[in-house]
$ cat entry_10.csv   # CSV, C-alpha atoms
chain,number,residue,atom,x,y,z
M,1,MET,CA,-64.3,64.3,61.5
M,2,ASP,CA,-62.1,65.8,64.1
M,3,LEU,CA,-58.5,65.0,63.2
M,4,ARG,CA,-55.2,65.4,65.1
M,5,PHE,CA,-52.0,65.6,63.1
M,6,GLU,CA,-48.8,64.4,64.7
M,7,PHE,CA,-45.2,64.8,63.5
M,8,ASP,CA,-44.3,61.2,63.4
M,9,ASP,CA,-41.1,59.2,63.9
M,10,LEU,CA,-42.3,56.2,62.0
M,11,THR,CA,-42.0,53.7,64.9
M,12,ARG,CA,-45.6,53.1,65.9
M,13,PRO,CA,-47.0,49.7,64.8
M,14,GLU,CA,-50.2,51.3,63.4
M,15,VAL,CA,-48.2,53.7,61.2
M,16,LEU,CA,-45.9,50.9,60.0
M,17,ALA,CA,-48.9,48.8,59.1
M,18,LEU,CA,-50.5,51.6,57.1
M,19,LEU,CA,-47.3,52.3,55.2
M,20,GLU,CA,-46.8,48.5,54.5
M,21,GLU,CA,-50.4,48.5,53.1
M,22,HIS,CA,-49.6,51.6,51.0
M,23,LEU,CA,-46.5,50.0,49.5
M,24,ALA,CA,-48.3,46.7,48.8
M,25,ASP,CA,-51.1,48.5,47.0
M,26,MET,CA,-48.7,50.6,44.9
M,27,TYR,CA,-46.9,47.4,43.8
M,28,ALA,CA,-50.2,45.7,43.1
M,29,VAL,CA,-51.5,48.4,40.8
M,30,SER,CA,-48.4,49.7,39.1
M,31,PRO,CA,-45.4,48.1,37.4
M,32,PRO,CA,-42.4,48.0,39.8
M,33,GLU,CA,-40.4,50.5,37.8
M,34,SER,CA,-43.3,53.0,38.1
M,35,VAL,CA,-43.7,52.8,41.8
M,36,HIS,CA,-42.3,55.9,43.5
M,37,ALA,CA,-43.7,55.3,47.0
M,38,LEU,CA,-41.0,55.5,49.6
M,39,ASP,CA,-40.1,52.8,52.0
M,40,LEU,CA,-39.3,53.6,55.7
M,41,ASP,CA,-35.7,54.5,55.0
M,42,GLY,CA,-36.8,56.9,52.3
M,43,LEU,CA,-39.4,58.5,54.6
M,44,ARG,CA,-36.8,58.9,57.3
M,45,GLY,CA,-34.5,60.9,55.0
M,46,PRO,CA,-33.1,64.3,56.0
M,47,ALA,CA,-35.3,66.1,53.4
M,48,MET,CA,-38.5,64.4,54.7
M,49,SER,CA,-41.2,65.4,57.2
M,50,PHE,CA,-43.9,62.9,58.0
M,51,TRP,CA,-47.2,63.3,59.8
M,52,SER,CA,-49.8,60.8,60.9
M,53,ALA,CA,-53.5,61.7,61.2
M,54,TRP,CA,-55.6,60.5,64.1
M,55,SER,CA,-59.3,60.4,65.0
M,56,GLY,CA,-59.3,59.8,68.7
M,57,SER,CA,-57.0,56.8,69.1
M,58,SER,CA,-57.5,55.5,65.5
M,59,LEU,CA,-54.9,56.1,62.8
M,60,VAL,CA,-56.8,57.4,59.8
M,61,GLY,CA,-54.1,58.5,57.4
M,62,CYS,CA,-50.7,59.9,56.8
M,63,GLY,CA,-48.6,62.1,54.5
M,64,ALA,CA,-45.2,63.6,54.0
M,65,LEU,CA,-43.4,66.5,52.5
M,66,LYS,CA,-40.0,66.3,50.8
M,67,THR,CA,-38.1,69.5,50.5
M,68,HIS,CA,-36.0,69.8,47.3
M,69,ALA,CA,-32.8,71.8,46.8
M,70,ASP,CA,-34.7,74.3,44.6
M,71,GLY,CA,-37.0,75.1,47.5
M,72,SER,CA,-40.0,73.3,46.1
M,73,VAL,CA,-41.9,70.8,48.2
M,74,GLU,CA,-43.1,67.4,47.1
M,75,LEU,CA,-46.1,65.6,48.5
M,76,LYS,CA,-45.2,62.0,49.4
M,77,SER,CA,-46.9,58.9,50.9
M,78,MET,CA,-50.3,60.5,51.3
M,79,ARG,CA,-52.6,57.6,52.4
M,80,VAL,CA,-56.0,57.3,54.0
M,81,ALA,CA,-56.8,54.2,56.0
M,82,THR,CA,-59.3,51.9,54.3
M,83,SER,CA,-61.7,52.3,57.2
M,84,ALA,CA,-61.7,56.1,56.9
M,85,ARG,CA,-62.2,56.5,53.2
M,86,GLY,CA,-65.1,58.6,51.9
M,87,ARG,CA,-65.2,60.7,55.1
M,88,GLY,CA,-63.1,63.7,54.0
M,89,VAL,CA,-59.9,62.5,55.6
M,90,GLY,CA,-57.9,62.8,52.3
M,91,ALA,CA,-59.0,66.4,51.8
M,92,ALA,CA,-58.1,67.2,55.5
M,93,ILE,CA,-54.7,65.6,55.1
M,94,LEU,CA,-54.0,67.5,51.9
M,95,SER,CA,-55.1,70.8,53.4
M,96,PHE,CA,-52.8,70.1,56.4
M,97,LEU,CA,-49.8,69.3,54.2
M,98,LEU,CA,-50.4,72.4,52.1
M,99,SER,CA,-50.5,74.6,55.2
M,100,GLN,CA,-47.2,73.0,56.3
M,101,ALA,CA,-45.7,73.8,52.9
M,102,ARG,CA,-46.9,77.4,53.2
M,103,SER,CA,-45.4,77.7,56.7
M,104,ARG,CA,-42.0,76.7,55.1
M,105,ALA,CA,-42.4,79.5,52.6
M,106,ALA,CA,-42.6,77.0,49.7
M,107,THR,CA,-43.9,78.6,46.5
M,108,VAL,CA,-44.8,75.4,44.8
M,109,VAL,CA,-46.0,71.9,45.8
M,110,ARG,CA,-45.5,69.0,43.3
M,111,LEU,CA,-46.5,65.4,43.3
M,112,GLU,CA,-46.3,62.2,41.3
M,113,THR,CA,-49.3,59.9,41.3
M,114,GLY,CA,-50.4,56.9,39.2
M,115,ALA,CA,-52.1,57.1,35.9
M,116,GLU,CA,-54.1,53.9,36.5
M,117,ASP,CA,-57.8,54.0,37.3
M,118,TYR,CA,-57.0,53.1,41.0
M,119,PHE,CA,-55.6,56.7,41.3
M,120,VAL,CA,-58.6,58.5,39.8
M,121,PRO,CA,-59.9,59.6,43.3
M,122,ALA,CA,-56.5,60.9,44.2
M,123,ARG,CA,-56.1,62.9,41.0
M,124,ARG,CA,-59.6,64.3,41.5
M,125,LEU,CA,-58.8,65.4,45.0
M,126,TYR,CA,-55.6,67.1,43.9
M,127,ALA,CA,-57.4,68.8,41.0
M,128,SER,CA,-60.1,70.0,43.4
M,129,HIS,CA,-57.4,71.8,45.4
M,130,GLY,CA,-56.0,73.5,42.4
M,131,PHE,CA,-53.2,71.1,41.3
M,132,VAL,CA,-52.6,71.1,37.5
M,133,GLU,CA,-50.8,68.5,35.4
M,134,ARG,CA,-47.2,69.2,34.4
M,135,GLY,CA,-44.2,67.2,33.2
M,136,PRO,CA,-41.7,65.3,35.3
M,137,PHE,CA,-39.7,67.2,37.9
M,138,ALA,CA,-36.7,66.5,40.1
M,139,ASP,CA,-35.4,63.0,39.3
M,140,TYR,CA,-38.6,61.7,37.7
M,141,VAL,CA,-38.7,60.8,34.0
M,142,GLU,CA,-41.6,60.6,31.6
M,143,ASP,CA,-43.6,57.5,32.4
M,144,PRO,CA,-47.0,56.4,31.0
M,145,ASN,CA,-47.9,55.1,34.4
M,146,SER,CA,-47.2,58.5,36.2
M,147,VAL,CA,-49.1,61.7,36.4
M,148,PHE,CA,-47.2,64.8,37.6
M,149,MET,CA,-49.0,67.7,39.2
M,150,GLU,CA,-48.2,71.0,40.9
M,151,LEU,CA,-49.8,73.7,42.8
M,152,ALA,CA,-48.4,77.3,43.0
M,153,LEU,CA,-48.8,78.6,46.5

$ encode --input "entry_10.csv" --output "structure tokens"
Amino acid sequence: MDLRFEFDDLTRPEVLALLEEHLADMYAVSPPESVHALDLDGLRGPAMSFWSAWSGSSLVGCGALKTHADGSVELKSMRVATSARGRGVGAAILSFLLSQARSRAATVVRLETGAEDYFVPARRLYASHGFVERGPFADYVEDPNSVFMELAL
């Protein structure tokens, strides 16, 4: 699939709908206190960079990077549109985000994802790109519903 990544200002209706779907799914599968997905205000924060992924005129996914004070980068709000799943879009988005992290001279990329079965494909994808499990980082705390991972660049 030929993808185009666009630095996004989070105003297009398609992007807003995908993020609403993302948040709804996170709250449907995880207890509220264990949902770490960001809302629009969080994604518009000064430490955030957000991209949308397009195939032609169709939005197929998105992802963001959050830069922490220690220079590490956190993967946030990575989402593949339901209609695009199983076609390598997630791997392409992850590869793009990792290249963006490298271009910022980040030495490590971290993430938090869910421990529930719903998140098995995501954890498998991250592991296939070299991410390994670790403990909580930044402001996260130990949570049985969270899996923390990192990749040294």

$ closest_residue --input "entry_10.csv" --among "M:Ser58, M:Ser49, M:Ser34, M:Ser72" --to "M:Glu14" --atoms "all atoms listed in the file"
M:Ser58

$ closest_residue --input "entry_10.csv" --among "M:Ala91, M:Leu153, M:Ala105, M:Val141" --to "M:Tyr126" --atoms "all atoms listed in the file"
M:Ala91

$ residues_around --input "entry_10.csv" --residues "stretch 24-31 of chain M" --least-positions-apart "5" --cutoff "8 Å" --atoms "all atoms listed in the file" --output "ChimeraX atom specification"
/M:37,114,116,118,145

$ atom_distance --input "entry_10.csv" --atom1 "atom CA of M:Ala115" --atom2 "atom CA of M:Leu94"
19.2 Å

$ atom_distance --input "entry_10.csv" --atom1 "atom CA of M:Leu10" --atom2 "atom CA of M:Phe50"
8.0 Å

$ atom_distance --input "entry_10.csv" --atom1 "atom CA of M:Pro46" --atom2 "atom CA of M:Lys66"
8.9 Å

$ build_atoms --input "entry_10.csv" --residues "stretch 2-38 of chain M" --atoms "N, CA and C atoms" --output "short mmCIF file (atom, residue, chain, number, x, y, z; two decimals), in the frame of the given file"
data_model
loop_
_atom_site.label_atom_id
_atom_site.label_comp_id
_atom_site.auth_asym_id
_atom_site.auth_seq_id
_atom_site.Cartn_x
_atom_site.Cartn_y
_atom_site.Cartn_z
N ASP M 2 -63.10 65.03 63.40
CA ASP M 2 -62.10 65.80 64.10
C ASP M 2 -60.76 65.07 64.04
N LEU M 3 -59.77 65.68 63.38
CA LEU M 3 -58.50 65.00 63.20
C LEU M 3 -57.39 65.74 63.98
N ARG M 4 -56.43 64.94 64.40
CA ARG M 4 -55.20 65.40 65.10
C ARG M 4 -54.03 64.97 64.25
N PHE M 5 -53.18 65.91 63.89
CA PHE M 5 -52.00 65.60 63.10
C PHE M 5 -50.77 65.57 64.04
N GLU M 6 -49.97 64.53 63.91
CA GLU M 6 -48.80 64.40 64.70
C GLU M 6 -47.55 64.22 63.87
N PHE M 7 -46.52 65.05 64.14
CA PHE M 7 -45.20 64.80 63.50
C PHE M 7 -44.77 63.47 63.97
N ASP M 8 -44.44 62.59 63.06
CA ASP M 8 -44.30 61.20 63.40
C ASP M 8 -42.87 60.68 63.17
N ASP M 9 -42.41 59.81 64.07
CA ASP M 9 -41.10 59.20 63.90
C ASP M 9 -41.05 57.88 63.27
N LEU M 10 -42.20 57.45 62.77
CA LEU M 10 -42.30 56.20 62.00
C LEU M 10 -41.88 54.97 62.81
N THR M 11 -42.32 54.91 64.07
CA THR M 11 -42.00 53.70 64.90
C THR M 11 -43.27 53.04 65.41
N ARG M 12 -44.42 53.70 65.36
CA ARG M 12 -45.60 53.10 65.90
C ARG M 12 -46.15 51.97 65.01
N PRO M 13 -46.56 50.86 65.59
CA PRO M 13 -47.00 49.70 64.80
C PRO M 13 -48.17 50.08 63.83
N GLU M 14 -49.10 50.94 64.25
CA GLU M 14 -50.20 51.30 63.40
C GLU M 14 -49.73 52.04 62.13
N VAL M 15 -48.76 52.93 62.33
CA VAL M 15 -48.20 53.70 61.20
C VAL M 15 -47.44 52.77 60.28
N LEU M 16 -46.64 51.88 60.85
CA LEU M 16 -45.90 50.90 60.00
C LEU M 16 -46.81 50.06 59.21
N ALA M 17 -47.91 49.60 59.80
CA ALA M 17 -48.90 48.80 59.10
C ALA M 17 -49.53 49.53 57.94
N LEU M 18 -49.88 50.80 58.17
CA LEU M 18 -50.50 51.60 57.10
C LEU M 18 -49.53 51.83 55.96
N LEU M 19 -48.27 52.06 56.28
CA LEU M 19 -47.30 52.30 55.20
C LEU M 19 -46.99 50.95 54.47
N GLU M 20 -47.01 49.83 55.16
CA GLU M 20 -46.80 48.50 54.50
C GLU M 20 -48.00 48.29 53.52
N GLU M 21 -49.22 48.61 53.97
CA GLU M 21 -50.40 48.50 53.10
C GLU M 21 -50.27 49.39 51.89
N HIS M 22 -49.80 50.61 52.12
CA HIS M 22 -49.60 51.60 51.00
C HIS M 22 -48.65 51.04 49.98
N LEU M 23 -47.49 50.57 50.41
CA LEU M 23 -46.50 50.00 49.50
C LEU M 23 -47.06 48.80 48.74
N ALA M 24 -47.74 47.92 49.45
CA ALA M 24 -48.30 46.70 48.80
C ALA M 24 -49.32 47.11 47.75
N ASP M 25 -50.17 48.09 48.03
CA ASP M 25 -51.10 48.50 47.00
C ASP M 25 -50.45 49.16 45.82
N MET M 26 -49.41 49.95 46.05
CA MET M 26 -48.70 50.60 44.90
C MET M 26 -48.11 49.53 44.02
N TYR M 27 -47.51 48.49 44.60
CA TYR M 27 -46.90 47.40 43.80
C TYR M 27 -47.98 46.54 43.14
N ALA M 28 -49.17 46.50 43.72
CA ALA M 28 -50.20 45.70 43.10
C ALA M 28 -50.88 46.36 41.93
N VAL M 29 -50.84 47.68 41.85
CA VAL M 29 -51.50 48.40 40.80
C VAL M 29 -50.61 49.00 39.73
N SER M 30 -49.33 49.07 40.02
CA SER M 30 -48.40 49.70 39.10
C SER M 30 -47.20 48.79 38.84
N PRO M 31 -46.61 48.87 37.64
CA PRO M 31 -45.40 48.10 37.40
C PRO M 31 -44.29 48.55 38.37
N PRO M 32 -43.44 47.63 38.81
CA PRO M 32 -42.40 48.00 39.80
C PRO M 32 -41.58 49.19 39.45
N GLU M 33 -41.24 49.33 38.16
CA GLU M 33 -40.40 50.50 37.80
C GLU M 33 -41.14 51.80 37.81
N SER M 34 -42.45 51.75 37.99
CA SER M 34 -43.30 53.00 38.10
C SER M 34 -43.75 53.28 39.47
N VAL M 35 -43.30 52.52 40.46
CA VAL M 35 -43.70 52.80 41.80
C VAL M 35 -42.68 53.74 42.46
N HIS M 36 -43.19 54.89 42.89
CA HIS M 36 -42.30 55.90 43.50
C HIS M 36 -42.62 56.13 44.96
N ALA M 37 -43.43 55.26 45.55
CA ALA M 37 -43.70 55.30 47.00
C ALA M 37 -42.44 55.01 47.74
N LEU M 38 -42.23 55.72 48.83
CA LEU M 38 -41.00 55.50 49.60
C LEU M 38 -41.17 54.47 50.68
#
